[in-house]
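Everything below concerns the one structure shown next.
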Amino acid sequence: MTKVTIPAKEIPLIAEADLVVAGGGSAGVAAAIAAAQEGLSCILVEKSNCAGGMLTNGLLPSIIYMSDGRNLLSGGLCYELVKRVSVEMGVKPDIYWHNINPEAVKLVLDEMLCENKIRFFYNMHCFDVLRNGPRIEGIAVSSPQGMGVIKGKIFVDATGDGNLSALAGVPCEIGNESGEVMAPTLCSLWSGVDYTKNNISSGLGRREWHQAEENNTIPLPEHHFVGFFRCGNGIGCGNLGHEYGCRPLDADSYTQACVHGRKQIRTYLEFFRKNVPGFAHAELALTAPMLGVRESRRVCGEYMLVKEDYYERRHFSDEIGCFAYPVDIHASSSNAEEQSEVEKTVTATQYGKGENYGIPYRALLAKETENLLLAGRCISADRTMQSSIRVVPGCMITGEAAGVAAASAVLKNCSLRSIDIAALQKRLSQRGIYQKI
Ligand SMILES: Cc1cc2nc3c(=O)[nH]c(=O)nc-3n(C[C@H](O)[C@H](O)[C@H](O)COP(=O)(O)OP(=O)(O)OC[C@H]3O[C@@H](n4cnc5c(N)ncnc54)[C@H](O)[C@@H]3O)c2cc1C
């Protein structure tokens, strides 16, 4: 590839804080809020115009598996978010499967960031890292005002794609042995649904699609049908279709997936109108501003969660939380058999009531750096474990723990690797992350 040198430039230092969080998705927001509540000054940088990431811009339909059936595993900020969003939506919080309205989430997250006095910037993109040996000193950001630097004592990579870690040169893994990742989905918001004609609010359309599959009449070669989810009066989100073969870190491939996803959703709409009760007058209101990327970089940390940790329900002396969502590796290719296996694996790997695995603190400590923590989808995990931890409650547990760990290091003036783990665990327990139901 031809390389071009950009002339060196002096750019302004625009802000400084104890903790700087890159990425304002569910994990980044949890990290910033937790750290602020523990006494740190915090800055959060988000490239879109709202917080939430996949929860808002991605139009994902539900927050799932906050509980293992006996324990609330994400009883801290995730549960607070669900409770506050429920009030906005006028529904009861559901700790197993809570359908969300993305606008309610945007509003609540703005409020939570403001209440906790976090300095947050939307429409600001982190594009480089200022590194001095093993220490990150700052991040370079761009906004319509130009470029600038934000300095901090500790940084959290909550970009989902592990962008900050990659910019800092931390080793990362991507996908399977061939680098193929789970296919993304461009979710969508529909209006005009008549829910009086359907007695379920999650997974709508699944029965009809499978029926059509048996009759060989499906309009698209899709054999892993997630479905449509109610999120308000007459509206709902579709987690429909996959962008098989997409490489989400490649700009061309990402672009093609968005173009194809927008086109393909019309076929789903047509199918629903004709086949699913209550959808005869449904309209497509919006396709997601953000492509739903399930898997991209998995950043290497001091410990990498591996599939045996899932199957053996392992726990760790330095664990910062527990989780229990099953193994959910969506297919990468358009191979029908591979697609059909996904739902079977989810069912087969489902834990029993009260069973869970531990998430070690070391999985949040990015390798080869002193002051970089990982939170959310990009934490240190193999594919199997990433497919479990990647759902919102898992991301928020790691975000909240990263924020509390950062506070522990800054306030005790010690490194991230020498914080008092027992004290961290005690604090997380006081925050109510893990509770008996
Ligand atoms: C299609 C789909 C459906 C899903 N359905 C569900 C579901 O029903 N329930 C569930 O619980 N989970 C679901 N998940 C999983 C879950 O939504 C995500 O894995 C999780 O929300 C990831 O959270 P995160 O904070 O790690 O990353 P994200 O939500 O991706 O947030 C990362 C944020 O970082 C920002 N960012 C990235 N790079 C930069 C940069 N350089 N500078 C500034 N900002 C940056 C992005 O704009 C984004 O806001 C789904 C995932 C997909 C893809």
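Going by the structure tokens order, chains are called A, B, ..., each with residues numbered from 1, while ligands are numbered from 1 in the order shown.
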Interface rows for chain A against ligand 1: nearest pair, Å to one decimal, 7 Å, only C-alpha atoms and all ligand atoms, as CSV:
```
residue,atom,partner,partner_atom_place_in_ligand_line,distance
A:Ala22,CA,ligand 1,43 (C),5.5
A:Gly23,CA,ligand 1,34 (O),3.2
A:Gly24,CA,ligand 1,49 (O),4.8
A:Gly25,CA,ligand 1,31 (O),3.3
A:Ser26,CA,ligand 1,25 (O),4.0
A:Ala27,CA,ligand 1,25 (O),3.8
A:Gly28,CA,ligand 1,25 (O),5.6
A:Val45,CA,ligand 1,43 (C),5.3
A:Glu46,CA,ligand 1,44 (N),3.8
A:Lys47,CA,ligand 1,44 (N),4.0
A:Ser48,CA,ligand 1,47 (O),5.2
A:Ala51,CA,ligand 1,49 (O),6.1
A:Gly52,CA,ligand 1,49 (O),5.8
A:Gly53,CA,ligand 1,49 (O),3.3
A:Met54,CA,ligand 1,29 (O),3.8
A:Leu55,CA,ligand 1,21 (O),5.5
A:Leu60,CA,ligand 1,5 (N),4.8
A:Pro61,CA,ligand 1,8 (O),4.8
A:Ser62,CA,ligand 1,8 (O),4.0
A:Ile63,CA,ligand 1,11 (O),3.9
A:Ile64,CA,ligand 1,11 (O),4.5
A:Met124,CA,ligand 1,43 (C),5.9
A:His125,CA,ligand 1,42 (N),3.8
A:Cys126,CA,ligand 1,42 (N),3.8
A:Phe127,CA,ligand 1,41 (N),5.6
A:Ala158,CA,ligand 1,26 (O),5.6
A:Thr159,CA,ligand 1,34 (O),3.6
A:Gly160,CA,ligand 1,27 (O),3.8
A:Asp161,CA,ligand 1,37 (C),6.5
A:Asn163,CA,ligand 1,41 (N),5.7
A:Leu164,CA,ligand 1,41 (N),6.6
A:Pro184,CA,ligand 1,53 (C),5.7
A:Thr185,CA,ligand 1,1 (C),4.5
A:Leu186,CA,ligand 1,1 (C),6.4
A:Cys187,CA,ligand 1,1 (C),6.0
A:Asn239,CA,ligand 1,1 (C),5.9
A:Gly292,CA,ligand 1,53 (C),3.5
A:Val293,CA,ligand 1,53 (C),4.1
A:Arg294,CA,ligand 1,53 (C),4.0
A:Ala375,CA,ligand 1,26 (O),6.4
A:Gly376,CA,ligand 1,26 (O),3.4
A:Arg377,CA,ligand 1,26 (O),3.9
A:Cys378,CA,ligand 1,26 (O),6.4
A:Arg390,CA,ligand 1,19 (O),4.3
A:Val391,CA,ligand 1,12 (N),3.6
A:Val392,CA,ligand 1,11 (O),3.8
A:Pro393,CA,ligand 1,11 (O),6.1
A:Cys395,CA,ligand 1,26 (O),5.5
```
Taking only residues of range 303-367 of chain A that have an atom at most 12 Å from an atom of range 217-227 of chain A, what is each one's shortest atom pair and its distance in Å to one decimal, using only C-alpha atoms, in chain and number order, as a tab-separated table?
```
residue	atom	partner	partner_atom	distance
A:Asp328	CA	A:His224	CA	11.5
A:Ile329	CA	A:His224	CA	11.2
A:His330	CA	A:His224	CA	8.2
A:Ala331	CA	A:His224	CA	8.5
A:Ser332	CA	A:His224	CA	11.5
A:Ser333	CA	A:Glu222	CA	10.6
A:Ser334	CA	A:Pro221	CA	7.6
A:Asn335	CA	A:His223	CA	8.9
A:Ala336	CA	A:His223	CA	6.0
A:Glu337	CA	A:His223	CA	8.0
A:Glu338	CA	A:His223	CA	8.7
A:Gln339	CA	A:His224	CA	5.4
A:Ser340	CA	A:His223	CA	5.5
A:Glu341	CA	A:His224	CA	8.4
A:Val342	CA	A:His224	CA	7.0
A:Glu343	CA	A:His224	CA	7.2
A:Lys344	CA	A:His224	CA	10.2
A:Thr345	CA	A:His224	CA	11.8
A:Val346	CA	A:His224	CA	11.7
```
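You can rank A:Ser296, A:Gln425, A:Ser418, A:Gln264 by their closest distance to Ile174 in chain A using only C-alpha atoms, and at the top of that list sits A:Ser296.
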(request) Pick out the residues sitting within 10 Å of Ile421 in chain A, and hand them over as a PyMOL selection string; count only C-alpha atoms, and ignore anything fewer than 4 positions along from it in its own chain. (result) chain A and resi 317-320+361+405+408+417+425-427
Could you save those same residues with N, CA and C atoms as a compact mmCIF listing (two decimals), in the first residue's frame?
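New file part_38.txt:
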```
# COMPACT_ATOMS: atom_id res chain seq x y z
N SER A 317 -10.20 -16.09 41.18
CA SER A 317 -10.00 -15.35 42.44
C SER A 317 -10.08 -13.84 42.22
N ASP A 318 -9.84 -13.39 40.99
CA ASP A 318 -9.90 -11.93 40.74
C ASP A 318 -11.16 -11.55 39.97
N GLU A 319 -12.23 -12.34 40.10
CA GLU A 319 -13.38 -12.02 39.24
C GLU A 319 -14.11 -10.76 39.70
N ILE A 320 -14.58 -10.03 38.69
CA ILE A 320 -15.27 -8.77 38.95
C ILE A 320 -16.77 -8.91 38.72
N TYR A 361 -10.75 -9.98 36.44
CA TYR A 361 -10.29 -8.60 36.24
C TYR A 361 -9.21 -8.57 35.16
N ALA A 405 -12.40 -0.01 39.06
CA ALA A 405 -10.96 -0.35 39.14
C ALA A 405 -10.11 0.88 38.87
N SER A 408 -10.05 2.98 41.89
CA SER A 408 -9.20 2.38 42.92
C SER A 408 -7.73 2.72 42.65
N ARG A 417 -2.37 -2.74 37.77
CA ARG A 417 -2.01 -4.13 38.05
C ARG A 417 -1.74 -4.38 39.53
N GLN A 425 -13.54 -6.02 44.68
CA GLN A 425 -14.69 -6.94 44.72
C GLN A 425 -15.71 -6.49 45.76
N LYS A 426 -15.19 -6.00 46.90
CA LYS A 426 -16.11 -5.55 47.95
C LYS A 426 -16.93 -4.35 47.47
N ARG A 427 -16.23 -3.44 46.80
CA ARG A 427 -16.91 -2.24 46.30
C ARG A 427 -17.97 -2.60 45.25
```
(request) Extract, using only C-alpha atoms, all DNA, RNA and protein residues at most 10 Å from Met385 in chain A, discarding same-chain residues fewer than 6 positions from it, and format them as a ChimeraX atom specification. (result) /A:304-311,325-329,379
